[in-house]
Amino acid sequence: MIIRHEAPTDMAAIRFVNEQAFGGSGEANAIDALRARGAATLSLVAVISGQVVGHIFFSPATIQGPDRSWVALGLAPLSVLPDYQRQGIGTALMNAGLEECRQLGHERVVVLGHPNYYPRFGFVTAKPRGIDNEYNAPEEAFMILELQPGAFAEVTGVAQYQPEWNGV
Ligand SMILES: CC(C)(COP(=O)(O)OP(=O)(O)OC[C@H]1O[C@@H](n2cnc3c(N)ncnc32)[C@H](O)[C@@H]1OP(=O)(O)O)[C@@H](O)C(=O)NCCC(=O)NCCS
């Protein structure tokens, strides 16, 4: 398996992976819209025998506090073709993606997802740390990760993703 940046020729394959993983086109549409307006921070694909089988995407997010805001990255989505799940591909994409975001100097990540999947990468529940979300998500499904030590220490407020994610 190879993990690499998305290439222009991967667009249809990335759509397919996300549509298959989520059973709809909401995520694929949001990715295409974000990419089109230059709001894709990082997009990696997992490739096996020339086929894109997994995808991870980060876009800018903010944490809006009472009198200031902080920049963050929204991790959304992470997707693996159903036939390729539970083989470590999601883990490889997570490790590569988070490491590259760290090396790029990003400090913090937010994610809305499976509460029993993301903690293994260091994510913790956001609400007890003073970070809310706008999606009425179950408390344990909204999580944060510090890419730099102490990055969330002073941060409190509401996480806001890019508008393309509204309604997805
Ligand atoms: C979630 C997902 C990206 C994980 O990718 P993956 O390559 O299957 O994951 P890995 O092989 O690295 O890790 C496997 C472990 O992840 C966990 N896991 C996988 N899918 C899971 C799910 N839907 N819910 C909870 N835990 C899950 C399991 O604990 C599994 O371990 P096990 O095999 O011992 O049970 C993939 O299942 C997927 O695309 N799901 C559909 C889309 C989705 O829900 N994306 C996440 C949105 S937050």
# chains A, B, ... in the order shown; residues from 1 in each chain; ligands from 1
$ closest_atom_pairs --of "chain A" --to "ligand 1" --cutoff "10 Å" --atoms "only C-alpha atoms and all ligand atoms" --output "Markdown table"
| residue | atom | partner | partner_atom_place_in_ligand_line | distance |
| --- | --- | --- | --- | --- |
| A:Val17 | CA | ligand 1 | 39 (O) | 8.3 |
| A:Asn18 | CA | ligand 1 | 42 (C) | 7.5 |
| A:Glu19 | CA | ligand 1 | 42 (C) | 9.2 |
| A:Gln20 | CA | ligand 1 | 41 (C) | 8.1 |
| A:Ala21 | CA | ligand 1 | 41 (C) | 4.4 |
| A:Phe22 | CA | ligand 1 | 42 (C) | 5.1 |
| A:Gly23 | CA | ligand 1 | 41 (C) | 8.6 |
| A:Glu27 | CA | ligand 1 | 47 (C) | 9.8 |
| A:Ala46 | CA | ligand 1 | 7 (O) | 9.9 |
| A:Val53 | CA | ligand 1 | 7 (O) | 9.3 |
| A:Gly54 | CA | ligand 1 | 39 (O) | 7.5 |
| A:His55 | CA | ligand 1 | 3 (C) | 8.3 |
| A:Ile56 | CA | ligand 1 | 3 (C) | 8.5 |
| A:Leu75 | CA | ligand 1 | 48 (S) | 8.6 |
| A:Ala76 | CA | ligand 1 | 48 (S) | 7.0 |
| A:Pro77 | CA | ligand 1 | 47 (C) | 5.7 |
| A:Leu78 | CA | ligand 1 | 3 (C) | 4.9 |
| A:Ser79 | CA | ligand 1 | 39 (O) | 3.5 |
| A:Val80 | CA | ligand 1 | 39 (O) | 3.8 |
| A:Leu81 | CA | ligand 1 | 39 (O) | 6.1 |
| A:Pro82 | CA | ligand 1 | 39 (O) | 6.7 |
| A:Asp83 | CA | ligand 1 | 8 (O) | 9.0 |
| A:Tyr84 | CA | ligand 1 | 7 (O) | 6.6 |
| A:Gln85 | CA | ligand 1 | 8 (O) | 3.3 |
| A:Arg86 | CA | ligand 1 | 11 (O) | 3.2 |
| A:Gln87 | CA | ligand 1 | 11 (O) | 4.0 |
| A:Gly88 | CA | ligand 1 | 11 (O) | 3.3 |
| A:Ile89 | CA | ligand 1 | 7 (O) | 3.9 |
| A:Gly90 | CA | ligand 1 | 7 (O) | 3.5 |
| A:Thr91 | CA | ligand 1 | 12 (O) | 3.6 |
| A:Ala92 | CA | ligand 1 | 12 (O) | 6.5 |
| A:Leu93 | CA | ligand 1 | 12 (O) | 8.0 |
| A:Met94 | CA | ligand 1 | 12 (O) | 8.2 |
| A:Asn95 | CA | ligand 1 | 12 (O) | 9.7 |
| A:Val111 | CA | ligand 1 | 48 (S) | 7.3 |
| A:Leu112 | CA | ligand 1 | 48 (S) | 5.9 |
| A:Gly113 | CA | ligand 1 | 48 (S) | 3.4 |
| A:His114 | CA | ligand 1 | 48 (S) | 5.4 |
| A:Pro115 | CA | ligand 1 | 25 (C) | 7.4 |
| A:Asn116 | CA | ligand 1 | 25 (C) | 5.6 |
| A:Tyr117 | CA | ligand 1 | 26 (N) | 4.9 |
| A:Tyr118 | CA | ligand 1 | 48 (S) | 8.3 |
| A:Arg120 | CA | ligand 1 | 16 (O) | 9.3 |
| A:Ala141 | CA | ligand 1 | 48 (S) | 8.6 |
| A:Phe142 | CA | ligand 1 | 48 (S) | 9.6 |
$ residues_around --residues "Ala30 of chain A" --least-positions-apart "5" --cutoff "8 Å" --atoms "only C-alpha atoms" --output "PDB file with C-alpha atoms, in the first residue's frame"
ATOM      1  CA  GLU A 164     -19.422  23.163   2.699  1.00  0.00           C
ATOM      2  CA  TRP A 165     -19.918  20.766   5.623  1.00  0.00           C
ATOM      3  CA  VAL A 168     -23.602  16.802   5.210  1.00  0.00           C
TER       4      VAL A 168
END
$ atom_distance --atom1 "atom CA of Gln148 of chain A" --atom2 "atom CA of Ala39 of chain A"
22.2 Å
$ closest_atom_pairs --of "segment 29-148 of chain A" --to "segment 155-158 of chain A" --cutoff "8 Å" --atoms "only C-alpha atoms" --output "JSON lines"
{"residue": "A:Ile63", "atom": "CA", "partner": "A:Val158", "partner_atom": "CA", "distance": 5.2}
{"residue": "A:Gln64", "atom": "CA", "partner": "A:Gly157", "partner_atom": "CA", "distance": 5.0}
{"residue": "A:Gly65", "atom": "CA", "partner": "A:Gly157", "partner_atom": "CA", "distance": 4.0}
{"residue": "A:Pro66", "atom": "CA", "partner": "A:Gly157", "partner_atom": "CA", "distance": 6.8}
{"residue": "A:Ser69", "atom": "CA", "partner": "A:Gly157", "partner_atom": "CA", "distance": 7.9}
{"residue": "A:Trp70", "atom": "CA", "partner": "A:Val155", "partner_atom": "CA", "distance": 7.2}
{"residue": "A:Arg129", "atom": "CA", "partner": "A:Thr156", "partner_atom": "CA", "distance": 7.4}
{"residue": "A:Gly130", "atom": "CA", "partner": "A:Thr156", "partner_atom": "CA", "distance": 4.9}
{"residue": "A:Ile131", "atom": "CA", "partner": "A:Gly157", "partner_atom": "CA", "distance": 5.2}
{"residue": "A:Asp132", "atom": "CA", "partner": "A:Val158", "partner_atom": "CA", "distance": 4.5}
{"residue": "A:Asn133", "atom": "CA", "partner": "A:Val158", "partner_atom": "CA", "distance": 5.3}
{"residue": "A:Glu134", "atom": "CA", "partner": "A:Val158", "partner_atom": "CA", "distance": 7.1}
$ write_last_selection --atoms "N, CA and C atoms" --output "PDB file, in the first residue's frame"
ATOM      1  N   ILE A  63     -11.978  27.755  16.088  1.00  0.00           N
ATOM      2  CA  ILE A  63     -12.666  27.658  17.374  1.00  0.00           C
ATOM      3  C   ILE A  63     -13.003  29.097  17.760  1.00  0.00           C
ATOM      4  N   GLN A  64     -14.285  29.391  17.780  1.00  0.00           N
ATOM      5  CA  GLN A  64     -14.718  30.759  18.066  1.00  0.00           C
ATOM      6  C   GLN A  64     -15.016  30.901  19.550  1.00  0.00           C
ATOM      7  N   GLY A  65     -14.190  31.671  20.244  1.00  0.00           N
ATOM      8  CA  GLY A  65     -14.403  31.929  21.667  1.00  0.00           C
ATOM      9  C   GLY A  65     -15.177  33.212  21.870  1.00  0.00           C
ATOM     10  N   PRO A  66     -15.421  33.598  23.138  1.00  0.00           N
ATOM     11  CA  PRO A  66     -16.205  34.798  23.415  1.00  0.00           C
ATOM     12  C   PRO A  66     -15.555  36.056  22.850  1.00  0.00           C
ATOM     13  N   SER A  69     -10.639  34.022  18.426  1.00  0.00           N
ATOM     14  CA  SER A  69     -10.790  32.709  17.804  1.00  0.00           C
ATOM     15  C   SER A  69      -9.408  32.096  17.597  1.00  0.00           C
ATOM     16  N   TRP A  70      -9.412  30.785  17.389  1.00  0.00           N
ATOM     17  CA  TRP A  70      -8.181  30.035  17.176  1.00  0.00           C
ATOM     18  C   TRP A  70      -8.331  29.227  15.895  1.00  0.00           C
ATOM     19  N   ARG A 129     -13.235  19.773  27.650  1.00  0.00           N
ATOM     20  CA  ARG A 129     -12.134  20.749  27.507  1.00  0.00           C
ATOM     21  C   ARG A 129     -12.662  22.111  27.068  1.00  0.00           C
ATOM     22  N   GLY A 130     -13.981  22.269  27.057  1.00  0.00           N
ATOM     23  CA  GLY A 130     -14.542  23.585  26.745  1.00  0.00           C
ATOM     24  C   GLY A 130     -14.733  23.866  25.275  1.00  0.00           C
ATOM     25  N   ILE A 131     -14.730  22.817  24.450  1.00  0.00           N
ATOM     26  CA  ILE A 131     -14.921  23.011  23.010  1.00  0.00           C
ATOM     27  C   ILE A 131     -16.259  22.388  22.600  1.00  0.00           C
ATOM     28  N   ASP A 132     -17.123  23.224  22.046  1.00  0.00           N
ATOM     29  CA  ASP A 132     -18.431  22.767  21.582  1.00  0.00           C
ATOM     30  C   ASP A 132     -18.439  22.656  20.063  1.00  0.00           C
ATOM     31  N   ASN A 133     -19.540  22.109  19.538  1.00  0.00           N
ATOM     32  CA  ASN A 133     -19.671  22.057  18.083  1.00  0.00           C
ATOM     33  C   ASN A 133     -21.076  22.515  17.702  1.00  0.00           C
ATOM     34  N   GLU A 134     -21.265  22.728  16.411  1.00  0.00           N
ATOM     35  CA  GLU A 134     -22.543  23.265  15.927  1.00  0.00           C
ATOM     36  C   GLU A 134     -23.456  22.187  15.373  1.00  0.00           C
TER      37      GLU A 134
END
$ select_by_dssp --residues "segment 5-164 of chain A" --states "strand (DSSP E or B)" --output "tab-separated table (two decimals) with C-alpha atoms, in the first residue's frame"
chain	number	residue	atom	x	y	z
A	5	HIS	CA	-0.97	13.21	-1.85
A	42	LEU	CA	-4.32	18.17	3.02
A	43	SER	CA	-5.77	15.32	0.97
A	44	LEU	CA	-4.05	11.92	1.03
A	45	VAL	CA	-5.00	8.70	-0.69
A	46	ALA	CA	-4.16	5.08	0.05
A	47	VAL	CA	-3.39	3.14	-3.13
A	48	ILE	CA	-3.19	-0.63	-3.60
A	51	GLN	CA	-6.45	1.59	-7.08
A	52	VAL	CA	-7.43	4.35	-4.63
A	53	VAL	CA	-8.92	2.43	-1.68
A	54	GLY	CA	-8.82	5.06	1.06
A	55	HIS	CA	-8.84	8.81	1.55
A	56	ILE	CA	-8.28	11.38	4.30
A	57	PHE	CA	-9.06	15.08	4.04
A	58	PHE	CA	-8.31	18.08	6.25
A	59	SER	CA	-9.77	21.57	5.81
A	60	PRO	CA	-9.49	24.75	7.89
A	61	ALA	CA	-11.68	25.14	10.96
A	62	THR	CA	-11.86	27.74	13.70
A	63	ILE	CA	-12.67	27.66	17.37
A	64	GLN	CA	-14.72	30.76	18.07
A	69	SER	CA	-10.79	32.71	17.80
A	70	TRP	CA	-8.18	30.03	17.18
A	71	VAL	CA	-7.32	28.27	13.95
A	72	ALA	CA	-7.61	24.51	13.73
A	73	LEU	CA	-8.01	21.79	11.14
A	74	GLY	CA	-11.19	19.84	10.61
A	75	LEU	CA	-10.51	16.18	9.90
A	76	ALA	CA	-13.33	15.12	7.58
A	77	PRO	CA	-13.73	12.71	6.12
A	78	LEU	CA	-11.71	9.54	6.58
A	79	SER	CA	-12.95	6.82	4.27
A	80	VAL	CA	-11.95	3.32	3.17
A	108	ARG	CA	-4.85	21.44	16.60
A	109	VAL	CA	-7.41	19.14	14.96
A	110	VAL	CA	-11.12	18.61	15.53
A	111	VAL	CA	-13.10	15.59	14.41
A	112	LEU	CA	-16.69	14.42	14.52
A	124	VAL	CA	-10.04	13.22	23.46
A	125	THR	CA	-13.65	14.31	23.97
A	131	ILE	CA	-14.92	23.01	23.01
A	132	ASP	CA	-18.43	22.77	21.58
A	133	ASN	CA	-19.67	22.06	18.08
A	142	PHE	CA	-16.83	15.35	18.93
A	143	MET	CA	-13.11	15.14	19.68
A	144	ILE	CA	-9.93	17.19	19.60
A	145	LEU	CA	-6.23	16.46	19.20
A	146	GLU	CA	-3.23	18.63	20.07
A	157	GLY	CA	-15.43	28.09	22.28
A	158	VAL	CA	-17.38	26.61	19.41
A	159	ALA	CA	-15.68	24.76	16.56
A	160	GLN	CA	-16.76	25.90	13.12
$ atom_distance --atom1 "atom CA of Arg4 of chain A" --atom2 "atom CA of Gly167 of chain A"
29.2 Å
$ atom_distance --atom1 "atom CA of Pro8 of chain A" --atom2 "atom CA of Asn29 of chain A"
15.9 Å
$ closest_residue --among "A:Gly105, A:Pro138, A:Gly97, A:Gly50" --to "Phe121 of chain A" --atoms "only C-alpha atoms"
A:Gly97
$ closest_residue --among "A:Ala137, A:Glu107, A:Phe16, A:Phe123" --to "Gly150 of chain A" --atoms "only C-alpha atoms"
A:Glu107
$ closest_residue --among "A:Glu99, A:Glu139, A:Gly38, A:His106" --to "Ala151 of chain A" --atoms "only C-alpha atoms"
A:His106
$ select_by_dssp --residues "segment 39-166 of chain A" --states "alpha helix (DSSP H)" --output "ChimeraX atom specification"
/A:89-103
$ closest_residue --among "A:Ala153, A:Asp67, A:Gln162, A:Cys101" --to "Ala126 of chain A" --atoms "only C-alpha atoms"
A:Ala153
